[in-house]
$ cat query39.txt   # compact mmCIF, C-alpha atoms
# COMPACT_ATOMS: atom_id res chain seq x y z
CA MET A 1057 0.00 0.00 0.00
CA LEU A 1058 2.78 2.44 0.91
CA ASP A 1059 4.59 1.62 -2.32
CA ILE A 1060 1.50 2.60 -4.29
CA LEU A 1061 1.31 5.90 -2.42
CA ARG A 1062 5.04 6.52 -2.96
CA ASN A 1063 4.57 5.99 -6.70
CA PHE A 1064 2.12 8.90 -6.75
CA MET A 1065 4.89 11.17 -5.47
CA LEU A 1066 7.20 10.49 -8.42
CA THR A 1067 5.58 12.99 -10.78
CA GLN A 1068 4.07 16.46 -10.49
CA ASP A 1069 0.72 15.10 -11.72
CA GLY A 1070 0.79 12.32 -9.16
CA LYS A 1071 1.49 14.75 -6.34
CA LEU A 1072 -1.44 16.96 -7.35
CA LEU A 1073 -3.78 13.98 -7.63
CA TYR A 1074 -2.53 12.64 -4.30
CA LEU A 1075 -3.25 15.97 -2.58
CA LEU A 1076 -6.66 16.11 -4.24
CA ALA A 1077 -7.48 12.58 -3.06
CA VAL A 1078 -6.42 13.39 0.51
CA LEU A 1079 -8.52 16.54 0.33
CA ALA A 1080 -11.56 14.59 -0.91
CA ILE A 1081 -11.14 12.10 1.94
CA LEU A 1082 -10.88 14.91 4.49
CA MET A 1083 -13.97 16.58 3.03
CA GLY A 1084 -15.92 13.34 3.40
CA LEU A 1085 -14.61 12.87 6.93
CA ASP A 1086 -15.56 16.46 7.73
CA PHE A 1087 -19.11 15.92 6.49
CA ILE A 1088 -19.51 12.64 8.37
CA SER A 1089 -17.99 13.98 11.60
CA GLY A 1090 -20.13 17.12 11.36
CA THR A 1091 -23.27 15.04 10.91
CA VAL A 1092 -22.39 12.79 13.84
CA ALA A 1093 -21.55 15.83 16.00
CA ALA A 1094 -24.93 17.38 15.16
CA ILE A 1095 -26.73 14.15 16.07
CA ILE A 1096 -24.79 13.57 19.31
CA ASN A 1097 -24.56 17.15 20.57
CA LYS A 1098 -27.98 18.44 21.61
CA ASP A 1099 -26.72 22.05 21.44
CA ILE A 1100 -26.41 21.75 17.65
CA ASP A 1101 -29.57 22.01 15.60
CA PHE A 1102 -29.52 19.16 13.08
CA LYS A 1103 -31.03 20.26 9.75
CA SER A 1104 -30.91 18.21 6.56
CA LYS A 1105 -30.95 21.42 4.50
CA THR A 1106 -27.66 22.48 6.11
CA GLY A 1107 -26.18 19.04 5.39
CA ILE A 1108 -27.24 19.13 1.74
CA TYR A 1109 -25.77 22.63 1.39
CA GLY A 1110 -22.52 21.35 2.91
CA ILE A 1111 -22.30 18.42 0.49
CA LEU A 1112 -23.01 20.65 -2.52
CA ARG A 1113 -20.43 23.19 -1.38
CA LYS A 1114 -17.78 20.48 -1.04
CA ILE A 1115 -18.63 18.96 -4.44
CA ILE A 1116 -18.41 22.37 -6.14
CA SER A 1117 -15.12 23.06 -4.36
CA LEU A 1118 -13.65 19.76 -5.59
CA ILE A 1119 -14.83 20.34 -9.16
CA SER A 1120 -13.31 23.83 -9.07
CA MET A 1121 -10.02 22.47 -7.77
CA ILE A 1122 -9.94 19.82 -10.48
CA ALA A 1123 -10.61 22.52 -13.11
CA LEU A 1124 -7.59 24.46 -11.87
CA ILE A 1125 -5.14 21.71 -12.86
CA PRO A 1126 -5.30 22.28 -16.64
CA LEU A 1127 -5.36 26.04 -16.09
CA ALA A 1128 -2.22 25.87 -13.96
CA VAL A 1129 -0.29 24.31 -16.83
CA ILE A 1130 -0.77 27.34 -19.09
CA ILE A 1131 0.77 29.72 -16.55
CA PRO A 1132 4.48 30.13 -17.37
CA GLY A 1133 7.06 28.28 -15.32
CA ASP A 1134 5.97 26.46 -12.21
CA ALA A 1135 3.95 29.42 -10.90
CA GLY A 1136 0.60 27.85 -11.82
CA ILE A 1137 1.45 24.53 -10.18
CA MET A 1138 2.69 26.32 -7.06
CA LEU A 1139 -0.60 28.26 -6.87
CA VAL A 1140 -2.56 25.01 -7.08
CA TYR A 1141 -0.38 23.44 -4.36
CA THR A 1142 -0.93 26.48 -2.16
CA LEU A 1143 -4.70 26.33 -2.67
CA TYR A 1144 -4.86 22.58 -2.03
CA ILE A 1145 -2.76 22.79 1.12
CA GLY A 1146 -4.85 25.71 2.37
CA TYR A 1147 -8.01 23.67 1.86
CA LEU A 1148 -6.40 20.67 3.57
CA ILE A 1149 -5.65 22.76 6.64
CA LEU A 1150 -9.20 24.16 6.73
CA GLU A 1151 -10.75 20.70 6.40
CA PHE A 1152 -8.44 19.24 9.04
CA LYS A 1153 -9.33 22.09 11.40
CA SER A 1154 -13.04 21.50 10.75
CA VAL A 1155 -12.72 17.76 11.49
CA ILE A 1156 -10.95 18.58 14.77
CA GLU A 1157 -13.71 21.05 15.69
CA ASN A 1158 -16.34 18.38 14.95
CA LEU A 1159 -14.51 15.84 17.10
CA ASP A 1160 -14.39 18.42 19.89
CA LYS A 1161 -18.17 18.91 19.60
CA MET A 1162 -18.54 15.12 19.99
CA GLY A 1163 -16.60 15.26 23.25
CA VAL A 1164 -13.38 13.70 21.91
CA ASN A 1165 -10.17 14.97 23.55
CA VAL A 1166 -8.51 16.98 20.79
CA GLY A 1167 -6.04 18.89 22.98
CA PRO A 1168 -2.86 17.88 21.10
CA PHE A 1169 -4.47 18.73 17.75
CA LYS A 1170 -5.60 22.13 19.04
CA ILE A 1171 -2.06 22.85 20.25
CA PHE A 1172 -0.69 21.87 16.83
CA LEU A 1173 -3.24 24.04 15.00
CA ASN A 1174 -2.61 27.03 17.29
CA ASN A 1175 1.17 26.71 16.85
CA PHE A 1176 0.78 26.41 13.10
CA GLU A 1177 -1.50 29.46 12.98
CA GLN A 1178 1.01 31.48 15.04
CA PHE A 1179 3.81 30.37 12.71
CA VAL A 1180 1.85 31.47 9.63
CA ASN A 1181 0.94 34.82 11.23
CA ASN A 1182 4.57 35.44 12.21
CA ARG A 1183 5.69 34.65 8.67
CA LYS A 1184 3.12 37.10 7.30
CA LYS A 1185 4.39 39.82 9.64
CA GLU A 1186 8.00 39.11 8.62
CA ASN A 1187 7.10 39.30 4.94
CA GLU A 1188 5.14 42.53 5.46
CA TYR A 1189 8.15 44.01 7.28
CA ILE A 1190 10.50 42.94 4.48
CA ASP A 1191 8.11 44.29 1.82
CA SER A 1192 7.67 47.63 3.57
CA ASP A 1193 11.43 47.85 4.12
CA SER A 1194 12.19 47.26 0.42
CA ASN A 1195 9.68 49.93 -0.67
CA THR A 1196 11.37 52.74 1.23
CA PRO A 1197 13.81 54.82 -0.82

$ encode --input "query39.txt" --output "structure tokens"
Amino acid sequence: MLDILRNFMLTQDGKLLYLLAVLAILMGLDFISGTVAAIINKDIDFKSKTGIYGILRKIISLISMIALIPLAVIIPGDAGIMLVYTLYIGYLILEFKSVIENLDKMGVNVGPFKIFLNNFEQFVNNRKKENEYIDSDSNTP
């Protein structure tokens, strides 16, 4: 099984498809965990309309992300591919965070995951501040 997964990482196409597959799995897990959390947790109002909207939103998101692959190829250099990677990884983080929130609503101890997500968020915010400082510094005459 691991050999099959490693083979996906040999090409740029394989890496994109691998990320997309992981994203699709996380989206499904997010939907299922959200549904279970709504059923278990009496503080959450379970509505089928909200669930249907969630499924449709995820399907449209996946179709949009698939459509970006051929568009990324026409952007010169590797810029298009890097943009797709950035988008996919951003979505992966959002879906992972949503799954953790759903598990928390179910009463599962998610302390280590919350610490990881908080540290990651602080890291990203610090990097943004550093880049803003560098950008503002380079713009001064």

$ closest_residue --input "query39.txt" --among "A:Ala1128, A:Ile1122, A:Leu1072, A:Val1180" --to "Ile1149 of chain A" --atoms "all atoms listed in the file"
A:Val1180

$ residues_around --input "query39.txt" --residues "Asp1069 of chain A" --least-positions-apart "6" --cutoff "12 Å" --atoms "all atoms listed in the file" --output "CSV table (one decimal) with C-alpha atoms, in the frame of the given file"
chain,number,residue,atom,x,y,z
A,1063,ASN,CA,4.6,6.0,-6.7
A,1075,LEU,CA,-3.2,16.0,-2.6
A,1076,LEU,CA,-6.7,16.1,-4.2
A,1122,ILE,CA,-9.9,19.8,-10.5
A,1125,ILE,CA,-5.1,21.7,-12.9
A,1126,PRO,CA,-5.3,22.3,-16.6
A,1128,ALA,CA,-2.2,25.9,-14.0
A,1129,VAL,CA,-0.3,24.3,-16.8
A,1137,ILE,CA,1.4,24.5,-10.2
A,1140,VAL,CA,-2.6,25.0,-7.1
A,1141,TYR,CA,-0.4,23.4,-4.4

$ residues_around --input "query39.txt" --residues "Ala1094 of chain A" --least-positions-apart "5" --cutoff "9 Å" --atoms "only C-alpha atoms" --output "list in words"
Ser1089, Asp1099, Ile1100, Asp1101, Phe1102, Lys1103, Asn1158, Lys1161 and Met1162 of chain A

$ write_last_selection --input "query39.txt" --atoms "C-alpha atoms" --output "PDB file, in the coordinates of the input"
ATOM      1  CA  SER A1089     -17.990  13.980  11.600  1.00  0.00           C
ATOM      2  CA  ASP A1099     -26.720  22.050  21.440  1.00  0.00           C
ATOM      3  CA  ILE A1100     -26.410  21.750  17.650  1.00  0.00           C
ATOM      4  CA  ASP A1101     -29.570  22.010  15.600  1.00  0.00           C
ATOM      5  CA  PHE A1102     -29.520  19.160  13.080  1.00  0.00           C
ATOM      6  CA  LYS A1103     -31.030  20.260   9.750  1.00  0.00           C
ATOM      7  CA  ASN A1158     -16.340  18.380  14.950  1.00  0.00           C
ATOM      8  CA  LYS A1161     -18.170  18.910  19.600  1.00  0.00           C
ATOM      9  CA  MET A1162     -18.540  15.120  19.990  1.00  0.00           C
TER      10      MET A1162
END

$ closest_residue --input "query39.txt" --among "A:Gly1084, A:Ile1145, A:Ala1093, A:Lys1071" --to "Glu1157 of chain A" --atoms "only C-alpha atoms"
A:Ala1093

$ atom_distance --input "query39.txt" --atom1 "atom CA of Phe1152 of chain A" --atom2 "atom CA of Val1166 of chain A"
12.0 Å

$ residues_around --input "query39.txt" --residues "Leu1148 of chain A" --least-positions-apart "5" --cutoff "8 Å" --atoms "all atoms listed in the file" --output "list in words"
Val1078, Leu1079 and Leu1082 of chain A

$ atom_distance --input "query39.txt" --atom1 "atom CA of Ser1104 of chain A" --atom2 "atom CA of Thr1091 of chain A"
9.3 Å

$ atom_distance --input "query39.txt" --atom1 "atom CA of Gly1136 of chain A" --atom2 "atom CA of Ile1111 of chain A"
27.7 Å
